Structures are given as structure tokens and as C-alpha cells.
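One file, target_7.cif, is given below (mmCIF, C-alpha atoms).
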```
data_final
#
loop_
_atom_site.label_atom_id
_atom_site.label_comp_id
_atom_site.auth_asym_id
_atom_site.auth_seq_id
_atom_site.Cartn_x
_atom_site.Cartn_y
_atom_site.Cartn_z
CA MET A 16 57.55 -21.87 23.22
CA ARG A 17 55.27 -23.54 20.73
CA ILE A 18 55.08 -22.03 17.24
CA GLU A 19 52.31 -23.21 14.90
CA PHE A 20 52.32 -22.81 11.13
CA CYS A 21 49.42 -22.50 8.70
CA GLY A 22 49.04 -23.04 4.97
CA VAL A 23 52.16 -22.85 2.85
CA LEU A 24 54.31 -22.25 5.95
CA GLN A 25 53.80 -25.90 6.91
CA GLU A 26 55.50 -26.88 3.67
CA ALA A 27 58.36 -24.45 4.25
CA VAL A 28 58.95 -25.72 7.78
CA GLY A 29 58.13 -29.35 7.08
CA ASP A 30 55.84 -29.56 10.09
CA GLU A 31 52.69 -28.07 11.57
CA ALA A 32 54.44 -26.83 14.70
CA LEU A 33 57.73 -26.74 16.56
CA GLU A 34 59.07 -25.93 20.00
CA LEU A 35 61.38 -22.93 19.92
CA SER A 36 63.87 -22.50 22.73
CA ILE A 37 63.71 -18.79 23.40
CA ALA A 38 63.41 -16.64 26.49
CA THR A 39 59.88 -15.50 27.31
CA PRO A 40 58.24 -13.09 27.50
CA ASN A 41 59.64 -11.87 24.22
CA ARG A 42 58.65 -9.61 21.35
CA VAL A 43 56.97 -11.24 18.37
CA ALA A 44 59.46 -9.53 16.06
CA ASP A 45 62.40 -11.07 17.93
CA ILE A 46 60.79 -14.50 17.89
CA LEU A 47 60.33 -14.24 14.12
CA GLU A 48 63.94 -13.19 13.70
CA GLU A 49 65.08 -16.21 15.69
CA LEU A 50 62.83 -18.47 13.61
CA ALA A 51 64.23 -17.11 10.36
CA GLU A 52 67.76 -17.87 11.51
CA ARG A 53 66.88 -21.44 12.40
CA ILE A 54 64.66 -22.09 9.38
CA PRO A 55 66.00 -20.23 6.33
CA ALA A 56 63.08 -21.45 4.21
CA LEU A 57 60.82 -19.17 6.27
CA GLN A 58 62.72 -16.01 5.45
CA THR A 59 60.98 -15.23 2.18
CA HIS A 60 57.57 -15.67 3.80
CA LEU A 61 58.07 -13.57 6.92
CA PRO A 62 57.48 -10.12 5.40
CA ARG A 63 53.93 -11.14 4.42
CA ILE A 64 52.78 -13.14 7.41
CA ALA A 65 50.52 -12.17 10.28
CA CYS A 66 50.74 -13.56 13.79
CA ALA A 67 47.97 -14.67 16.09
CA VAL A 68 47.52 -15.79 19.67
CA GLY A 69 44.22 -17.52 20.27
CA ASP A 70 41.56 -15.70 18.25
CA GLU A 71 43.45 -12.43 18.01
CA VAL A 72 45.91 -11.10 15.47
CA ILE A 73 48.74 -9.34 17.25
CA PRO A 74 51.32 -6.81 16.04
CA ARG A 75 55.00 -7.70 15.88
CA SER A 76 55.72 -5.15 18.58
CA GLU A 77 53.68 -7.14 21.10
CA MET A 78 55.24 -9.20 23.89
CA VAL A 79 54.09 -12.79 24.19
CA THR A 80 54.46 -14.94 27.27
CA GLY A 81 54.77 -18.30 25.58
CA ASP A 82 51.91 -19.77 27.61
CA VAL A 83 49.91 -20.33 24.44
CA PRO A 84 51.14 -21.02 20.90
CA LEU A 85 52.16 -18.24 18.56
CA VAL A 86 50.45 -18.95 15.23
CA LEU A 87 51.95 -17.78 11.93
CA LEU A 88 49.46 -16.96 9.19
CA PRO A 89 50.55 -16.61 5.55
CA PRO A 90 48.51 -14.53 3.05
CA VAL A 91 44.94 -15.79 2.98
CA SER A 92 43.13 -17.32 0.00
CA GLY A 93 39.70 -18.43 1.14
CA GLY A 94 36.47 -18.28 -0.82
CA MET B 15 25.68 -24.57 11.31
CA GLU B 16 29.27 -23.74 12.27
CA ARG B 17 30.93 -21.02 10.24
CA ILE B 18 33.97 -23.20 9.58
CA THR B 19 33.06 -26.82 8.93
CA ASP B 20 34.38 -29.97 7.30
CA GLN B 21 30.83 -31.00 6.44
CA VAL B 22 29.17 -30.55 3.04
CA LEU B 23 27.67 -27.06 2.93
CA ASP B 24 23.91 -26.79 2.72
CA ALA B 25 22.46 -23.42 1.75
CA GLU B 26 19.01 -24.62 2.78
CA ILE B 27 20.10 -24.68 6.42
CA LEU B 28 21.24 -21.07 6.25
CA LYS B 29 18.04 -20.09 4.47
CA ARG B 30 16.00 -21.61 7.26
CA GLU B 31 18.16 -19.92 9.91
CA THR B 32 17.60 -16.51 8.33
CA GLU B 33 13.88 -16.62 7.54
CA ASN B 34 12.51 -13.13 8.03
CA PRO B 35 9.06 -11.92 6.93
CA ALA B 36 10.30 -8.34 6.60
CA CYS B 37 12.58 -9.33 3.75
CA GLY B 38 11.59 -9.33 0.09
CA ALA B 39 14.97 -10.44 -1.25
CA LEU B 40 17.01 -13.56 -0.63
CA ILE B 41 20.52 -13.65 -2.08
CA VAL B 42 22.48 -16.91 -2.01
CA PHE B 43 26.09 -16.95 -3.14
CA GLU B 44 27.95 -20.24 -3.41
CA GLY B 45 31.62 -20.42 -4.28
CA THR B 46 32.45 -23.74 -5.92
CA VAL B 47 35.68 -25.53 -6.72
CA ARG B 48 36.81 -24.86 -10.30
CA ASP B 49 38.63 -27.36 -12.49
CA HIS B 50 41.32 -24.88 -13.51
CA HIS B 51 43.58 -22.25 -12.01
CA ARG B 52 45.77 -19.94 -14.07
CA GLY B 53 45.81 -22.26 -17.05
CA ARG B 54 46.40 -25.47 -15.09
CA GLN B 55 43.91 -28.28 -14.67
CA VAL B 56 42.82 -28.77 -11.07
CA GLN B 57 41.74 -32.22 -9.88
CA ARG B 58 40.66 -31.29 -6.34
CA MET B 59 41.32 -28.71 -3.69
CA GLU B 60 42.15 -28.72 -0.01
CA TYR B 61 41.09 -25.89 2.28
CA THR B 62 42.60 -25.33 5.69
CA ALA B 63 41.78 -22.67 8.27
CA TYR B 64 43.05 -21.27 11.52
CA LYS B 65 39.70 -21.92 13.11
CA PRO B 66 39.79 -19.83 16.33
CA LEU B 67 40.35 -16.64 14.37
CA ALA B 68 38.39 -17.61 11.27
CA GLU B 69 35.21 -18.26 13.25
CA ARG B 70 35.44 -14.87 14.95
CA VAL B 71 36.27 -12.96 11.77
CA LEU B 72 33.37 -14.57 9.92
CA GLN B 73 30.97 -13.68 12.73
CA GLU B 74 32.21 -10.08 12.68
CA LEU B 75 31.94 -10.03 8.89
CA GLU B 76 28.28 -11.06 9.09
CA GLU B 77 27.56 -8.27 11.56
CA GLU B 78 29.50 -5.67 9.60
CA THR B 79 27.73 -6.67 6.38
CA LYS B 80 24.36 -6.16 8.07
CA ARG B 81 25.33 -2.76 9.46
CA ARG B 82 27.09 -1.47 6.37
CA PHE B 83 24.33 -2.37 3.91
CA LYS B 84 21.38 -2.21 6.32
CA VAL B 85 20.35 -5.75 5.44
CA ALA B 86 18.38 -7.80 7.93
CA GLU B 87 20.22 -11.10 7.75
CA CYS B 88 23.64 -12.38 6.76
CA ARG B 89 25.08 -15.82 7.38
CA ILE B 90 28.33 -17.23 6.08
CA THR B 91 29.84 -20.70 6.23
CA HIS B 92 33.12 -21.90 4.77
CA ARG B 93 34.16 -25.48 4.28
CA VAL B 94 37.56 -26.97 5.07
CA GLY B 95 39.09 -30.30 4.06
CA GLU B 96 39.34 -31.92 0.68
CA LEU B 97 36.78 -30.80 -1.89
CA ALA B 98 36.02 -32.20 -5.31
CA ILE B 99 35.42 -30.13 -8.41
CA GLY B 100 32.00 -28.49 -8.22
CA GLU B 101 31.59 -28.75 -4.47
CA ALA B 102 30.71 -25.60 -2.55
CA SER B 103 33.56 -24.09 -0.55
CA VAL B 104 31.63 -21.11 0.78
CA VAL B 105 27.97 -20.14 1.15
CA ILE B 106 26.72 -16.64 1.88
CA VAL B 107 23.04 -15.97 2.52
CA VAL B 108 21.75 -12.42 2.72
CA ARG B 109 18.16 -11.34 3.25
CA SER B 110 17.08 -7.74 2.80
CA ALA B 111 13.93 -5.72 2.35
CA HIS B 112 14.90 -4.88 -1.24
CA ARG B 113 17.12 -6.67 -3.76
CA GLY B 114 19.65 -3.91 -4.41
CA ASP B 115 21.02 -3.84 -0.89
CA GLY B 116 21.08 -7.63 -0.81
CA PHE B 117 23.14 -7.97 -4.00
CA ASP B 118 25.59 -5.31 -2.84
CA ALA B 119 25.91 -6.88 0.60
CA ALA B 120 26.58 -10.38 -0.69
CA GLU B 121 29.20 -9.15 -3.15
CA TRP B 122 30.97 -7.11 -0.49
CA ALA B 123 30.85 -10.02 1.95
CA ILE B 124 32.61 -12.47 -0.40
CA ASP B 125 35.16 -9.88 -1.54
CA THR B 126 35.98 -9.01 2.06
CA LEU B 127 36.05 -12.63 3.21
CA LYS B 128 38.87 -13.23 0.75
CA GLN B 129 40.92 -10.50 2.43
CA ARG B 130 40.26 -11.10 6.10
CA VAL B 131 39.57 -14.73 6.91
CA PRO B 132 42.52 -17.04 7.68
CA ILE B 133 41.76 -19.79 5.18
CA TRP B 134 44.12 -21.27 2.59
CA LYS B 135 43.62 -23.12 -0.71
CA ASN B 136 45.91 -25.90 -1.77
CA ASP B 137 45.37 -26.87 -5.41
CA PHE B 138 45.95 -30.48 -6.44
CA TYR B 139 46.61 -30.55 -10.17
CA THR B 140 45.90 -33.32 -12.65
CA ASP B 141 49.66 -33.68 -13.32
CA GLY B 142 50.17 -34.88 -9.74
CA THR B 143 51.64 -31.65 -8.37
CA ARG B 144 50.07 -29.34 -5.83
CA ALA B 145 50.55 -25.75 -4.74
CA TYR B 146 49.08 -23.29 -2.29
CA GLN B 147 47.47 -20.35 -4.02
CA ASP B 148 49.08 -17.04 -3.22
CA GLY B 149 46.78 -14.83 -1.24
CA VAL B 150 46.23 -11.53 0.51
CA PRO B 151 48.40 -10.72 3.54
CA LEU B 152 46.44 -10.01 6.69
CA SER B 153 47.39 -6.43 7.34
CA ALA B 154 48.34 -6.67 10.99
CA CYS B 155 51.69 -8.27 11.41
CA SER B 156 53.20 -7.36 8.08
CA SER B 157 53.57 -3.76 9.17
CA GLY B 158 53.83 -4.34 12.89
CA GLU B 159 52.21 -1.00 13.57
CA HIS B 160 48.51 -1.46 13.14
CA ASP B 161 46.04 -4.27 12.97
CA SER B 162 42.80 -3.95 11.06
CA ALA B 163 41.87 -7.50 11.97
CA GLN B 164 42.08 -6.93 15.70
CA ARG B 165 39.00 -7.17 17.83
CA GLY B 166 37.09 -3.94 18.21
CA GLN B 167 38.49 -2.19 15.17
CA GLU B 168 35.92 -1.98 12.43
CA SER B 169 36.90 1.08 10.43
CA HIS B 170 37.01 -0.67 7.08
CA ALA B 171 35.97 2.24 4.92
CA GLU B 172 37.97 1.06 1.96
CA GLN B 173 36.38 -1.20 -0.59
CA PRO B 174 38.30 -4.41 -1.18
CA MET B 175 39.71 -4.94 -4.63
CA ARG B 176 37.69 -7.43 -6.58
CA LYS B 177 39.71 -10.46 -7.55
CA GLN B 178 39.16 -13.12 -10.14
CA ASP B 179 39.90 -16.10 -7.89
#
```

Step by step, read the file and then write its structure as C-alpha cells.
Amino acid sequence: MRIEFCGVLQEAVGDEALELSIATPNRVADILEELAERIPALQTHLPRIACAVGDEVIPRSEMVTGDVPLVLLPPVSGG
Amino acid sequence: MERITDQVLDAEILKRETENPACGALIVFEGTVRDHHRGRQVQRMEYTAYKPLAERVLQELEEETKRRFKVAECRITHRVGELAIGEASVVIVVRSAHRGDGFDAAEWAIDTLKQRVPIWKNDFYTDGTRAYQDGVPLSACSSGEHDSAQRGQESHAEQPMRKQD
């Protein structure tokens, strides 16, 4: 499934998005765990990120189908 | 005017959009790019946003501001892309019958925007380095149990902490 990264996460990953080979549907928490194993630079960020699908923030307990990207949002700093 | 835009912000557009003869107060807040951050000299700044969510959160923030402070009008736009020192990154326009409610509403709107809207600042310093500013975690996914940013939940009784940035 497609994972998209925002803000400082793009620097940690080195890209704006990646394709993660993982069974779907799957829990957001499990997807994040898999990501952290593959990309160690993400590990320090994960406790403070939020996740979104489309225009909705979703909890880590939610199942996602992988039909649309899972978007990872670091702490926000607008204004 | 879109709420998230890469175009130069124009408060006059929002003022025209919110004209209301029942209002005796017009509050305009503009956030502008500063030339320093925590003791370092900033040359320019880049803002990025997760637009699908940011647009919706800003629209909800406008509506909540109107309800919470009983002000007639509230419009907010935020710029993305590369901004020079002094350029406006955010414009908030509030119109209210009386000035007190308008001042309170505008202040709450900018404080809350900084906590809820998925936008990020990347500072470009005069020494050639750059760094994303640390921010406020959106509450939802960090705990995994609840989500104050989810659609339909608007019980934001707490006042956001006022920050210096």
C-alpha cells in the first residue's frame, strides 16, 4: 500500500511516499510497526505522529484497506 | 479565496467576502514571516500542508470560532510554498457586532489553528542550513484511543496554550 509522508518525515524517509508490501486490510498500528522496522529513522518520530486517510484523521486501532494512501502527519507548526 | 493557497494572501479579499452591516468591528490578523527563530537568522521559510485535511479543519475552525464567540463572520486563509521575510503566511478576518468578541475570537482562532491544522514550517537560515520547526502533535494517532480532530467531534472546551511562535 502507498504511504505518504509530510513535513519532517519526508527528510527522515528521504522521499514523499513509498509503496509498502504488507497484507491489507491491516491495522494502522501494525503498519506503523512494519514501517519502523524498515525505516529506522522513522522510529523517533512515530510516537508523535497522527495518521490520515483522505480528509480524516484516524486512530491507530483502525483497519485500513490500502485502497487509498495512508498519510503520516508529524506535529504541526502552521501560523 | 481557497483556505490553503500558494498565492500571495490578500486580506482585502477576505474583508470583501465578509462584509456585514450588522457588524461594528472588523479584526484582521496577519501572521508574517520573521527574520529570526530561537536566536538564529532566518532567510526565508517554506510552508507545506496536507491539503485535504487542512482545508476541512480550517473550514471547521471558522465555524467553531463563530459559534464559540458569537461573531458573525470568520474567514481564514493560510499560504503554502516559499515565503520571504515579511510576507503573510496566514490571514484571519473576524467581524462582530462589538470589538471585544472580535478580538477574543481572532486570538482563539490563531492559537487553535497552530494546534489543529496540518501545516509545517521549514526554516531556511542565513548560514545555509534549514530545519523544520518542532510543532504540536495532532492528538488523534499519538494515543490511538481518541481523535479530537475527527469529523463531527467538536468538544474543544480546553483553551489552547498560547505559544510564542

key: Shell of 8 Å around segment 21-35 of chain A, only C-alpha atoms, local chain residues under 3 positions omitted, as a PyMOL selection string   = (chain A and resi 16-18+50+54+56-57+60+86-89) or (chain B and resi 62-64+133-136+146)

ask   = If the PyMOL selection byres ((chain B and resi 89) around 8) is run on the structure shown, which residues does it catch, given as a ChimeraX atom specification?
value = /B:28,32,76,87-88,90-91,106-108

task = Please write the residues picked by the PyMOL selection byres ((chain A) within 9 of (chain B)) on this file as a VMD selection string.
result = chain A and resid 21 to 23 44 61 to 77 86 88 to 94

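Atom CA of Ala123 of chain B is positioned 11.8 Å from atom CA of Arg81 of chain B.
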
message = Need to verify the contact set: Thr39 of chain A, 10 Å, all atoms listed in the file, exclusion of same-chain residues closer than 3 positions in sequence. Can you return it as an NGL selection string?
response = :A and (16 or 36 or 42 or 46 or 78-82)

task = Figure out the distance between atom CA of His50 of chain B and atom CA of Lys29 of chain B, please, to one decimal in Å.
result =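 Taking atom CA of Lys29 of chain B as the start and atom CA of His50 of chain B as the end point, the length is 29.8 Å.
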